[in-house]
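Data first, discussion second: the structure below is written as structure tokens.
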Amino acid sequence: MYSLSQIKPDDVGLIRILQTETPSSFRLICFPESAHSTAYYLSLSELLLPTVEVLAIQYPLYAGLEDDERLTDSADLADRIFGALGEWMDRPLAFFGHRAGADLAYRVAERLERETGTPLLTLFVSGRTAHWGMTLGPPALGCRIVALAGEGDPKTPLRGVRAWRRRTSGRFDLEVFPGSRYYLDSSRREVVNLVHDQLLSQVSVDAEWEAGAEDQGA
């Protein structure tokens, strides 16, 4: 069952799949590439539940939001999304952003880590190159970044996708799928398995580290 907050056309909302069974271990917040592309990300719920609960950002429907650059460069929109996430931070979070949504997910992840001191489990960036210029100092993020790309996508050359590595001091992984721009459809099961396995492995690594620290008397 879908749940959508009562929002005005210029508000930010989150759409989720309601479930009455055991609470999920993780929340995956999806940042679509446009204001009219949330359906795909909600369809992932049936494959990820009950382990991962999926919520999709519903962007404001004002004119111009379909333009990639407007979506990418909207610091105000990133701030509003961060504010809307307040009640959903009671479980480990991961972000999944596709195309222009990847840039926006990165902005919100920065804000989350800066304001709360708690990094995401994983930031998944899909179909997007890290096209901003380098900045002085350490990377803004400390979370794991997993970049997804189609091997034949002329708009996302792998060299540019690998540049996401410089955006985090944490682990970086690159996953390349057959085809070009539509691998989210043609490789849906593989993408879902990747998200599921990455989140579970992240928790396993943390648990092993804590167990080792305890053994050493930390």
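The way I read the labels, and the way they are meant: chains A, B, ... in the order of the structure tokens, residue 1 as the first residue of every chain, and ligand 1 as the first ligand shown, with later ones counted on from there.
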
*Would you mind writing down, as a PyMOL selection string, each residue of region 24-209 of chain A that DSSP on the backbone assigns to alpha helix (DSSP H)?*
chain A and resi 39-43+45-48+68-72+75-84+100-116+158-162+183-186+188-209

*So which one's closest to Asp173 (chain A), A:Val195, A:Leu85, A:Leu48, A:Ala35? Using only C-alpha atoms, please.*
A:Val195

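Put simply, CA of Leu200 (chain A) is 27.8 Å away from CA of Thr156 (chain A).
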
*Pick out the residues sitting within 7 Å of region 123-133 of chain A, and hand them over as a PyMOL selection string; count only C-alpha atoms, and ignore anything fewer than 3 positions along from it in its own chain.*
chain A and resi 94-99+102+120+144-149+156+160-161+163-164

_Excluding Leu199 (chain A) and its own-chain neighbours fewer than 5 positions away, which residues fall within 9 Å of it when counting only C-alpha atoms? Please give them as a PyMOL selection string._
chain A and resi 26+52+94+121-122+194+204

*Using DSSP on the backbone coordinates, identify all residues within region 33-196 of chain A classified as strand (DSSP E); present the result as a ChimeraX atom specification.*
/A:52-58,93-98,122-126,144-150,172-177

*Calculate how many Å separate CA of Ser186 (chain A) from CA of Ala100 (chain A), rounding to one decimal.*
20.0 Å

_I need the residue nearest Leu141 (chain A) from this list: A:Ser45, A:Thr51, A:Thr22, A:Ser169. Use only C-alpha atoms for the distance._
A:Ser169

*Just give me the gap between CA of Leu112 (chain A) and CA of Phe82 (chain A) in Å, one decimal is fine.*
7.1 Å

*Of the residues A:Leu158, A:Ile15, A:Leu42, A:Leu93, which is the one nearest to Tyr59 (chain A), using only C-alpha atoms?*
A:Ile15

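The residue that comes closest to Phe31 (chain A), out of A:Glu113, A:Glu175, A:Asp103, A:Glu190 and on the basis of only C-alpha atoms, is A:Asp103.
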
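In terms of minimum interatomic distance to Ile29 (chain A), A:Gly101 ranks closest within A:Arg167, A:Pro50, A:Gly101, A:Arg80, counting only C-alpha atoms.
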
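Residues in contact range of Thr38 (chain A), defined as at most 7 Å between only C-alpha atoms, with sequence neighbours fewer than 3 positions away removed, read Pro32, Tyr41, Leu42, Ala56 and Gln58 of chain A.
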
Let me see the file: selected residues, N, CA and C atoms, as an mmCIF file, in the first residue's frame.
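What follows is the written file result-v2.cif:
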data_model
loop_
_atom_site.group_PDB
_atom_site.id
_atom_site.type_symbol
_atom_site.label_atom_id
_atom_site.label_comp_id
_atom_site.auth_asym_id
_atom_site.auth_seq_id
_atom_site.Cartn_x
_atom_site.Cartn_y
_atom_site.Cartn_z
ATOM 1 N N PRO A 32 14.836 10.223 -7.430
ATOM 2 C CA PRO A 32 14.625 9.987 -8.865
ATOM 3 C C PRO A 32 15.284 11.064 -9.716
ATOM 4 N N TYR A 41 11.090 3.448 -8.510
ATOM 5 C CA TYR A 41 11.780 3.222 -7.247
ATOM 6 C C TYR A 41 10.854 2.572 -6.225
ATOM 7 N N LEU A 42 9.578 2.915 -6.273
ATOM 8 C CA LEU A 42 8.631 2.249 -5.392
ATOM 9 C C LEU A 42 8.461 0.779 -5.771
ATOM 10 N N ALA A 56 10.588 6.999 -1.680
ATOM 11 C CA ALA A 56 10.971 7.789 -2.844
ATOM 12 C C ALA A 56 10.646 9.252 -2.605
ATOM 13 N N GLN A 58 9.376 12.736 -3.508
ATOM 14 C CA GLN A 58 8.498 13.391 -4.466
ATOM 15 C C GLN A 58 8.900 14.861 -4.515
#

*Return the single residue from A:Gln202, A:Val191, A:Asp79, A:Gly86 that is closest to Cys143 (chain A), with distances computed using only C-alpha atoms.*
A:Gln202
